[in-house]
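K.L.:
What follows is entry_31.pdb, PDB, C-alpha atoms.
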```
ATOM      1  CA  SER A 129      -9.151  12.196   0.658
ATOM      2  CA  SER A 130      -7.144  10.089  -1.777
ATOM      3  CA  LYS A 131      -6.211   7.741   1.062
ATOM      4  CA  SER A 132      -9.863   7.075   1.894
ATOM      5  CA  TYR A 133     -10.522   6.523  -1.795
ATOM      6  CA  PHE A 134      -7.688   3.983  -1.875
ATOM      7  CA  GLN A 135      -9.183   2.047   1.035
ATOM      8  CA  ALA A 136     -12.655   2.096  -0.517
ATOM      9  CA  LEU A 137     -11.235   0.947  -3.845
ATOM     10  CA  ILE A 138      -9.616  -2.104  -2.303
ATOM     11  CA  CYS A 139     -12.726  -3.016  -0.315
ATOM     12  CA  ALA A 140     -14.999  -2.634  -3.330
ATOM     13  CA  PHE A 141     -12.981  -4.678  -5.798
ATOM     14  CA  LYS A 142     -11.200  -7.333  -3.773
ATOM     15  CA  PRO A 143     -13.390 -10.131  -2.484
ATOM     16  CA  PRO A 144     -11.917 -11.934   0.551
ATOM     17  CA  GLY A 145      -9.416 -14.604  -0.439
ATOM     18  CA  SER A 146      -8.916 -13.237  -3.958
ATOM     19  CA  ARG A 147      -5.793 -11.786  -5.550
ATOM     20  CA  VAL A 148      -5.181  -8.289  -6.877
ATOM     21  CA  LEU A 149      -3.584  -7.608 -10.257
ATOM     22  CA  LEU A 150      -2.362  -4.086 -10.940
ATOM     23  CA  HIS A 151      -0.131  -2.295 -13.383
ATOM     24  CA  CYS A 152       0.865   1.244 -14.257
ATOM     25  CA  VAL A 153       2.659   2.458 -17.371
ATOM     26  CA  ALA A 154       6.156   1.513 -16.179
ATOM     27  CA  GLY A 155       5.006  -1.111 -13.688
ATOM     28  CA  ALA A 156       7.097   0.445 -10.945
ATOM     29  CA  GLY A 157       6.211   3.653  -9.104
ATOM     30  CA  LYS A 158       2.445   3.740  -8.959
ATOM     31  CA  SER A 159       2.050  -0.041  -8.958
ATOM     32  CA  GLY A 160       4.592  -0.347  -6.177
ATOM     33  CA  THR A 161       2.887   2.370  -4.166
ATOM     34  CA  PHE A 162      -0.494   0.678  -4.505
ATOM     35  CA  ALA A 163       0.925  -2.749  -3.634
ATOM     36  CA  SER A 164       2.802  -1.333  -0.647
ATOM     37  CA  CYS A 165      -0.330   0.410   0.626
ATOM     38  CA  TYR A 166      -2.243  -2.830   0.313
ATOM     39  CA  ASN A 167       0.477  -4.815   2.139
ATOM     40  CA  VAL A 168       0.747  -2.244   4.917
ATOM     41  CA  ILE A 169      -3.028  -2.258   5.456
ATOM     42  CA  GLN A 170      -2.946  -6.067   5.641
ATOM     43  CA  GLN A 171      -0.151  -5.844   8.239
ATOM     44  CA  LEU A 172      -2.206  -3.379  10.270
ATOM     45  CA  LYS A 173      -5.263  -5.637  10.090
ATOM     46  CA  THR A 174      -3.431  -8.764  11.209
ATOM     47  CA  LEU A 175      -0.546  -7.510  13.361
ATOM     48  CA  GLN A 176      -1.835  -4.076  14.411
ATOM     49  CA  THR A 177       1.549  -2.702  13.373
ATOM     50  CA  ALA A 178       3.232  -2.097  10.021
ATOM     51  CA  ASP A 179       6.702  -1.561   8.614
ATOM     52  CA  VAL A 180       6.493   0.482   5.423
ATOM     53  CA  PHE A 181      10.197   0.293   4.641
ATOM     54  CA  SER A 182      10.300  -3.519   4.958
ATOM     55  CA  SER A 183       7.132  -3.835   2.900
ATOM     56  CA  VAL A 184       8.731  -1.879   0.059
ATOM     57  CA  LEU A 185      11.947  -3.901   0.338
ATOM     58  CA  GLN A 186      10.000  -7.167   0.059
ATOM     59  CA  LEU A 187       8.320  -5.938  -3.109
ATOM     60  CA  ARG A 188      11.629  -4.713  -4.524
ATOM     61  CA  ALA A 189      13.064  -8.204  -4.085
ATOM     62  CA  VAL A 190      10.626  -9.250  -6.818
ATOM     63  CA  ARG A 191      10.464  -6.026  -8.842
ATOM     64  CA  PRO A 192      13.270  -3.464  -8.448
ATOM     65  CA  GLN A 193      12.413   0.248  -8.513
ATOM     66  CA  LEU A 194       8.993  -0.102  -6.929
ATOM     67  CA  VAL A 195       8.084   3.067  -5.038
ATOM     68  CA  GLU A 196      10.326   5.547  -6.784
ATOM     69  CA  THR A 197       9.827   8.880  -5.014
ATOM     70  CA  LEU A 198       9.677  10.396  -1.563
ATOM     71  CA  GLU A 199       6.113  11.466  -2.319
ATOM     72  CA  GLN A 200       5.145   7.840  -2.942
ATOM     73  CA  TYR A 201       6.709   6.776   0.391
ATOM     74  CA  ARG A 202       4.909   9.642   2.094
ATOM     75  CA  PHE A 203       1.609   8.543   0.556
ATOM     76  CA  ILE A 204       2.074   4.985   1.899
ATOM     77  CA  TYR A 205       2.723   6.341   5.395
ATOM     78  CA  GLU A 206      -0.332   8.610   5.139
ATOM     79  CA  VAL A 207      -2.532   5.699   4.060
ATOM     80  CA  ALA A 208      -1.245   3.655   7.003
ATOM     81  CA  MET A 209      -1.866   6.471   9.469
ATOM     82  CA  GLU A 210      -5.337   7.182   8.127
ATOM     83  CA  TYR A 211      -6.235   3.492   8.213
ATOM     84  CA  ALA A 212      -4.972   3.170  11.793
ATOM     85  CA  ASP A 213      -6.872   6.307  12.859
ATOM     86  CA  ASN A 214     -10.108   5.219  11.181
ATOM     87  CA  GLU A 215      -9.961   1.660  12.439
ATOM     88  CA  ALA A 216      -9.080   2.788  15.998
ATOM     89  CA  MET A 217      -6.692  -0.073  16.525
TER
END
```
Would you mind writing the file's structure down as structure tokens?

P.N.:
Amino acid sequence: SSKSYFQALICAFKPPGSRVLLHCVAGAGKSGTFASCYNVIQQLKTLQTADVFSSVLQLRAVRPQLVETLEQYRFIYEVAMEYADNEAM
């Protein structure tokens, strides 16, 4: 699935302790979705819980209009659920 691909992409290209740089055409919707997915997965890894809405709000404090559509929110939730299911927290 696209959510599994997302997780594999992060693992393959982000060495521990490094930063991630990303950008889409407008620098808002897709970039915000990717960044939110990454943040939510990090929350799940460290806290074993995640708050998608707060994660998006934190990103919007720096860059307004991140995560523009309901479908993008839905995708973030699906990534979080799939990660939680696969990692058997």

K.L.:
Quick one: distance from atom CA of A:Ala212 to atom CA of A:Leu187 in Å, one decimal?

P.N.:
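Those two atoms sit 21.9 Å apart.
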
K.L.:
Neighbouring residues of A:Gln186 were defined as those with any atom within 12 Å, considering only C-alpha atoms; residues of the same chain fewer than 5 positions away were excluded. Please report them as an NGL selection string.

P.N.:
:A and (160 or 163-164 or 167-168 or 179-181 or 191-195)

K.L.:
Tell me, in Å to one decimal, how far atom CA of A:Glu215 is from atom CA of A:Phe162.

P.N.:
19.4 Å

K.L.:
Between A:Arg147, A:Leu172, A:Glu196, A:Leu185, which one has atoms that come closest to A:Asp213, using all atoms listed in the file?

P.N.:
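The shortest atom-to-atom distance to A:Asp213 comes from A:Leu172.
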
K.L.:
What does the distance between atom CA of A:Glu206 and atom CA of A:Arg188 come to in Å, to one decimal place?

P.N.:
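Atom-to-atom, atom CA of A:Glu206 to atom CA of A:Arg188, that is 20.3 Å.
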
K.L.:
Using all atoms listed in the file for the distances, tell me which of A:Cys165, A:Lys173, A:Gly157, A:Ser146 is nearest to A:Phe203.

P.N.:
A:Cys165

K.L.:
Given 6 Å on each side, where is the centre and what are the edge lengths in Å to one decimal of the axis-aligned box enclosing the listed atoms of stretch 188-196 of chain A, as AutoDock Vina command-line options?

P.N.:
```
--center_x 10.7 --center_y -1.9 --center_z -6.5 --size_x 17.2 --size_y 26.8 --size_z 16.8
```

K.L.:
With all atoms listed in the file as the atoms that count, which of A:Asn214, A:Val184, A:Val190, A:Arg202 lies nearest to A:Tyr166?

P.N.:
A:Val184

K.L.:
From the set A:Tyr201, A:Pro144, A:Ser159, A:Ala208, which residue has the shortest atom-to-atom contact distance to A:Gln176, counting all atoms listed in the file?

P.N.:
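Residue with the minimum atom-to-atom distance to A:Gln176: A:Ala208.
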
K.L.:
May I ask which of the residues A:Thr177, A:Gly145, A:Ile169, A:Lys158 is the closest one to A:Glu210, counting all atoms listed in the file?

P.N.:
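Among the listed residues, the smallest separation from A:Glu210 belongs to A:Ile169.
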